[in-house]
Structure formats: C-alpha cells, structure tokens
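Text of the file entry-v8.tsv, holding TSV, C-alpha atoms and all ligand atoms:
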```tsv
chain	number	residue	atom	x	y	z
A	1	MET	CA	0.00	0.00	0.00
A	2	ALA	CA	1.09	3.54	-0.57
A	3	VAL	CA	0.58	6.87	1.11
A	4	LEU	CA	-0.51	9.37	-1.53
A	5	GLU	CA	0.15	13.11	-1.66
A	6	ILE	CA	-2.84	15.17	-0.52
A	7	LEU	CA	-3.50	18.32	-2.58
A	8	VAL	CA	-3.68	21.54	-0.59
A	9	TYR	CA	-6.14	24.38	-1.22
A	10	PRO	CA	-6.11	26.48	-3.39
A	11	ASP	CA	-4.59	23.85	-5.71
A	12	PRO	CA	-6.72	24.09	-8.90
A	13	ARG	CA	-6.80	20.28	-9.19
A	14	LEU	CA	-9.20	20.27	-6.22
A	15	ARG	CA	-11.72	21.73	-8.72
A	16	ASN	CA	-11.65	18.65	-10.96
A	17	ILE	CA	-15.01	16.91	-11.23
A	18	ALA	CA	-14.66	13.19	-10.65
A	19	ALA	CA	-16.04	10.66	-13.13
A	20	PRO	CA	-18.13	7.65	-12.09
A	21	VAL	CA	-16.30	4.34	-11.66
A	22	VAL	CA	-17.36	1.94	-14.42
A	23	HIS	CA	-15.85	-1.27	-13.04
A	24	VAL	CA	-14.78	-1.89	-9.46
A	25	ASP	CA	-11.63	-3.70	-10.58
A	26	ASP	CA	-8.25	-4.31	-8.94
A	27	ASP	CA	-7.05	-0.80	-9.78
A	28	ILE	CA	-10.01	0.69	-7.89
A	29	LYS	CA	-9.42	-1.66	-4.95
A	30	THR	CA	-5.78	-0.57	-4.83
A	31	LEU	CA	-6.91	3.07	-4.96
A	32	VAL	CA	-9.31	2.43	-2.05
A	33	ASP	CA	-6.55	0.77	0.00
A	34	ASP	CA	-4.05	3.55	-0.72
A	35	MET	CA	-6.64	6.20	0.14
A	36	ALA	CA	-7.41	4.47	3.44
A	37	GLN	CA	-3.70	4.32	4.27
A	38	THR	CA	-3.31	8.01	3.35
A	39	MET	CA	-6.32	9.00	5.48
A	40	TYR	CA	-5.07	7.02	8.49
A	41	GLN	CA	-1.60	8.48	8.25
A	42	ALA	CA	-2.79	12.10	7.90
A	43	PRO	CA	-4.78	11.46	10.20
A	44	GLY	CA	-8.31	12.24	9.09
A	45	ILE	CA	-11.79	10.68	9.19
A	46	GLY	CA	-12.59	11.05	5.49
A	47	LEU	CA	-10.85	11.36	2.14
A	48	ALA	CA	-12.09	11.77	-1.43
A	49	ALA	CA	-10.12	10.61	-4.48
A	50	THR	CA	-10.07	14.20	-5.78
A	51	GLN	CA	-7.81	15.10	-2.85
A	52	VAL	CA	-5.15	12.65	-4.06
A	53	ASN	CA	-5.54	13.89	-7.64
A	54	VAL	CA	-7.57	10.95	-8.93
A	55	ALA	CA	-10.73	12.10	-10.73
A	56	LYS	CA	-12.87	9.09	-9.81
A	57	ARG	CA	-15.92	8.96	-7.57
A	58	VAL	CA	-14.39	7.15	-4.60
A	59	ILE	CA	-14.60	8.09	-0.91
A	60	VAL	CA	-13.21	6.48	2.23
A	61	ILE	CA	-14.42	7.26	5.75
A	62	ASP	CA	-13.52	5.86	9.16
A	63	MET	CA	-15.00	7.53	12.22
A	64	SER	CA	-13.77	4.94	14.73
A	65	LYS	CA	-10.98	5.76	17.19
A	66	ASP	CA	-8.92	2.70	16.28
A	67	GLN	CA	-9.13	2.61	12.47
A	68	SER	CA	-11.40	-0.43	12.63
A	69	GLU	CA	-14.48	0.76	10.70
A	70	LEU	CA	-13.47	1.64	7.17
A	71	GLN	CA	-16.44	2.65	5.03
A	72	VAL	CA	-16.04	2.80	1.26
A	73	PHE	CA	-18.40	4.69	-1.03
A	74	ILE	CA	-17.94	4.29	-4.78
A	75	ASN	CA	-20.21	6.42	-7.02
A	76	PRO	CA	-22.06	7.75	-3.94
A	77	ARG	CA	-25.34	9.53	-4.52
A	78	ILE	CA	-27.53	11.20	-1.92
A	79	ILE	CA	-31.10	10.09	-2.56
A	80	GLU	CA	-32.76	11.67	0.47
A	81	ARG	CA	-31.88	14.56	2.73
A	82	ASP	CA	-33.65	15.96	5.76
A	83	GLY	CA	-33.24	18.75	8.30
A	84	SER	CA	-30.16	20.87	8.83
A	85	GLN	CA	-27.20	21.07	11.17
A	86	GLU	CA	-24.17	23.30	11.56
A	87	THR	CA	-20.79	21.73	12.28
A	88	GLU	CA	-17.28	23.08	12.71
A	89	GLU	CA	-15.56	21.45	9.72
A	90	GLY	CA	-11.96	20.96	8.79
A	91	CYS	CA	-10.33	19.30	5.78
A	92	LEU	CA	-7.04	17.53	5.08
A	93	SER	CA	-6.69	19.77	2.01
A	94	VAL	CA	-7.14	22.95	4.08
A	95	PRO	CA	-4.72	22.47	6.98
A	96	ASP	CA	-5.41	24.22	10.29
A	97	VAL	CA	-8.63	25.88	9.14
A	98	PHE	CA	-11.93	25.15	10.88
A	99	ALA	CA	-15.23	26.88	10.20
A	100	PRO	CA	-18.94	26.23	10.68
A	101	VAL	CA	-20.81	24.86	7.68
A	102	GLN	CA	-24.53	24.15	7.37
A	103	ARG	CA	-25.58	20.83	5.86
A	104	ALA	CA	-28.46	18.36	5.92
A	105	GLU	CA	-28.93	16.66	9.29
A	106	SER	CA	-29.70	13.24	7.88
A	107	ILE	CA	-29.24	11.67	4.47
A	108	VAL	CA	-29.73	8.41	2.67
A	109	VAL	CA	-26.80	7.61	0.43
A	110	ARG	CA	-26.63	4.94	-2.26
A	111	ALA	CA	-23.20	3.68	-3.35
A	112	LEU	CA	-21.09	0.65	-4.22
A	113	ASN	CA	-18.78	-0.94	-1.66
A	114	ARG	CA	-15.20	-2.16	-2.23
A	115	ASP	CA	-16.60	-5.37	-3.76
A	116	GLY	CA	-18.74	-3.43	-6.21
A	117	GLU	CA	-22.00	-4.30	-4.44
A	118	GLN	CA	-24.68	-1.65	-4.14
A	119	PHE	CA	-25.87	-0.59	-0.69
A	120	GLU	CA	-27.95	2.14	0.90
A	121	LEU	CA	-27.07	3.79	4.17
A	122	HIS	CA	-29.02	6.15	6.39
A	123	ALA	CA	-26.61	8.54	8.08
A	124	ASP	CA	-27.06	11.40	10.51
A	125	GLY	CA	-24.87	13.58	12.71
A	126	LEU	CA	-21.17	13.65	11.95
A	127	LEU	CA	-21.24	10.72	9.51
A	128	SER	CA	-23.84	12.57	7.44
A	129	VAL	CA	-21.67	15.71	7.46
A	130	CYS	CA	-18.61	13.72	6.46
A	131	ILE	CA	-20.35	12.02	3.51
A	132	GLN	CA	-21.70	15.37	2.26
A	133	HIS	CA	-18.26	17.00	2.65
A	134	GLU	CA	-16.54	14.20	0.70
A	135	ILE	CA	-19.14	14.14	-2.09
A	136	ASP	CA	-18.55	17.90	-2.46
A	137	HIS	CA	-14.87	17.10	-3.14
A	138	LEU	CA	-15.92	14.76	-5.97
A	139	ASP	CA	-17.86	17.69	-7.44
A	140	GLY	CA	-14.82	19.99	-7.19
A	141	LYS	CA	-16.08	21.79	-4.10
A	142	VAL	CA	-14.17	22.56	-0.91
A	143	PHE	CA	-15.84	23.51	2.39
A	144	VAL	CA	-14.34	27.00	2.36
A	145	ASP	CA	-16.56	27.71	-0.67
A	146	TYR	CA	-19.41	28.06	1.85
A	147	LEU	CA	-17.63	30.85	3.76
A	148	SER	CA	-17.70	34.59	3.03
A	149	ARG	CA	-15.43	35.81	0.23
A	150	LEU	CA	-13.37	37.74	2.76
A	151	LYS	CA	-12.73	34.59	4.78
A	152	GLN	CA	-11.93	32.61	1.62
A	153	GLU	CA	-9.41	35.25	0.60
A	154	ARG	CA	-7.73	35.16	4.01
A	155	ILE	CA	-7.47	31.38	3.96
A	156	ARG	CA	-6.08	31.38	0.42
A	157	LYS	CA	-3.41	33.94	1.30
A	158	ARG	CA	-2.43	32.13	4.46
A	159	LEU	CA	-2.05	28.76	2.74
A	160	GLN	CA	-0.22	30.22	-0.28
A	161	LYS	CA	2.27	31.92	2.03
A	162	HIS	CA	2.71	28.66	3.89
A	163	ALA	CA	3.37	26.76	0.62
A	164	LYS	CA	6.02	29.30	-0.45
A	165	ARG	CA	7.79	29.09	2.89
A	166	ALA	CA	8.07	25.30	2.76
A	167	VAL	CA	11.53	24.37	1.51
A	168	HIS	CA	10.63	20.77	0.86
A	169	PRO	CA	7.54	19.80	-1.11
A	170	ALA	CA	4.95	17.59	0.54
A	171	PRO	CA	6.21	14.01	0.72
A	172	GLU	CA	5.74	12.17	-2.56
A	173	ALA	CA	3.94	8.84	-2.61
A	174	VAL	CA	5.94	6.75	-0.18
A	175	THR	CA	5.58	3.04	-0.80
A	176	LEU	CA	5.13	1.16	2.46
K	1	NI	NI	-12.09	17.63	2.88
```
For the structure just supplied, provide its representation as structure tokens.
Ligand code: NI
Amino acid sequence: MAVLEILVYPDPRLRNIAAPVVHVDDDIKTLVDDMAQTMYQAPGIGLAATQVNVAKRVIVIDMSKDQSELQVFINPRIIERDGSQETEEGCLSVPDVFAPVQRAESIVVRALNRDGEQFELHADGLLSVCIQHEIDHLDGKVFVDYLSRLKQERIRKRLQKHAKRAVHPAPEAVTL
C-alpha cells in the first residue's frame, strides 16, 4: 500500500469533477486501500479521491478511534436529505482551518462498496456531514466555498504563504 500526496487548497486540481467508476476492478481496490492508508496516516476521518488527484468517484471514511471501521463509497449519490445542522468542519486539504458549515442533518446515500456491491445507508450527525463534505470534493467543491469571500481570501493567502515558505515539497507517494 502507498501513502498518496494530498493536494492543498487552493490547488486548482481540487476543482476537478470526478467521473463515475465503471468497473470496481483491482485498480479501484488498490486506490481504495491507498486512500485508506493516506487518510489514516494524515490522520483524518474522510478522504475523497479528488484530494489525491484521482478524478474518480471514490470516498473512504472511518469515524472509529482505532481505524477499525473503514467505510467505502464508490459512485455515492444522496437520494434523500432531511433537516439541517451546523458543524465546525476541517479538511485535510485545508490544513489548520476550521469553520462552521450548514448541511443536511440526515441523508440516505446509495453507493457501491469495495466489492462493487450496491448498498444504501441512512446517516445522521457527523457521519452525514462527512459524507456530504466528501461528495462535495468529488464535485470539485471545498468547504471553504461556503464561507464569506473575505474569509476565503484570508485562507487562500495564508495557505499560499505557507506553501512558499516550505523548503521541501509535501512528501511524494511513499511506498510502504
Ligand atoms: Ni475535505
């Protein structure tokens, strides 16, 4: 398995719109495994393929404390949404930035699992937020898009300055 490089906002590649997966083949399974490894190492609770510069509709999520409950969503689609909630969100592609975002309280999502089997899941609370946040990534959206333009500008400047200061680029895909 490999740890992949995570793109950092405002990298324009975060705006790519991911294409549906046609066959859940070995390449997709490898992508899922590498994404899980990358998410665990970061560490984060969710990661979308867009964030590792792969324009395919694949998401991994694990909300457990001990990395024991990996959830895989391939071609996820929200088929029902209800209510609203506001949560302080962060993102592996927007380091050290947290801001409140309003989203549906509960959703029903339909997707394929790592074996290519279709399932439906009812999610609420933080899991619901996480799924909505990751599907946004597949559509080229980042959570800071929901903030005021002034805040977006501040975040962009801060992260661009940070990128310029870094002498070494982010670690390239390290094979483990
Ligand atoms: Ni994110």
Margin query: Just the number, please: distance in Å from CA of Cys130 (chain A) to CA of Gln160 (chain A), one decimal.
Written below: 25.6 Å
Margin query: Residues within 7 Å of region 63-74 of chain A, please, as a count of residues only. Count all atoms listed in the file; anything in the same chain fewer than 5 positions from it doesn't count.
Written below: 7
Note to self: Set the distance at 12 Å and use all atoms listed in the file: which residues neighbour Lys157 (chain A) once local chain neighbours fewer than 6 positions away are removed? I'd like the list as number ranges by chain.
What the structure shows: A: 9-10, 94, 150-151, 163-164
Please tabulate, as CSV, the residues of chain A that come within 8 Å of ligand NI 1 (chain K), each with its closest pair of atoms and the distance in Å to one decimal, counting all atoms listed in the file and ordering rows by chain, then residue number upward.
```
residue,atom,partner,partner_atom,distance
A:Gly46,CA,K:NI1,NI,7.1
A:Leu47,CA,K:NI1,NI,6.4
A:Ala48,CA,K:NI1,NI,7.3
A:Gln51,CA,K:NI1,NI,7.6
A:Gly90,CA,K:NI1,NI,6.8
A:Cys91,CA,K:NI1,NI,3.8
A:Leu92,CA,K:NI1,NI,5.5
A:Ser93,CA,K:NI1,NI,5.9
A:Val94,CA,K:NI1,NI,7.4
A:His133,CA,K:NI1,NI,6.2
A:Glu134,CA,K:NI1,NI,6.0
A:His137,CA,K:NI1,NI,6.7
A:Val142,CA,K:NI1,NI,6.6
A:Phe143,CA,K:NI1,NI,7.0
```
Check: Given the choices A:Leu147, A:Pro20, A:Gln102, A:Ile79, which gets closest to Ile59 (chain A) if the distance is worked out from only C-alpha atoms?
Finding: A:Pro20
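Distance check against Leu121 (chain A) using only C-alpha atoms: of A:Ser148, A:Pro100, A:Arg154, A:Ile78, the minimum falls on A:Ile78.
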Notebook entry, point to check: So what do you get for CA of Val54 (chain A) versus CA of Phe98 (chain A), distance-wise?
Noted result: 24.8 Å
Kindly list the centre and edge lengths in Å, rounded to one decimal, for the axis-aligned box that covers all listed atoms of region 133-151 of chain A plus 5 Å on each of its six sides, as lines of an AutoDock Vina configuration file.
```
center_x = -16.1
center_y = 25.9
center_z = -1.3
size_x = 16.7
size_y = 33.6
size_z = 22.2
```
Item checked: Surrounding residues of region 84-88 of chain A excluding itself and chain neighbours under 3 positions, 6 Å, all atoms listed in the file, as a ChimeraX atom specification -> /A:99-105
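Atom pair CA of Val52 (chain A) / CA of Gln132 (chain A): separated by 17.9 Å.
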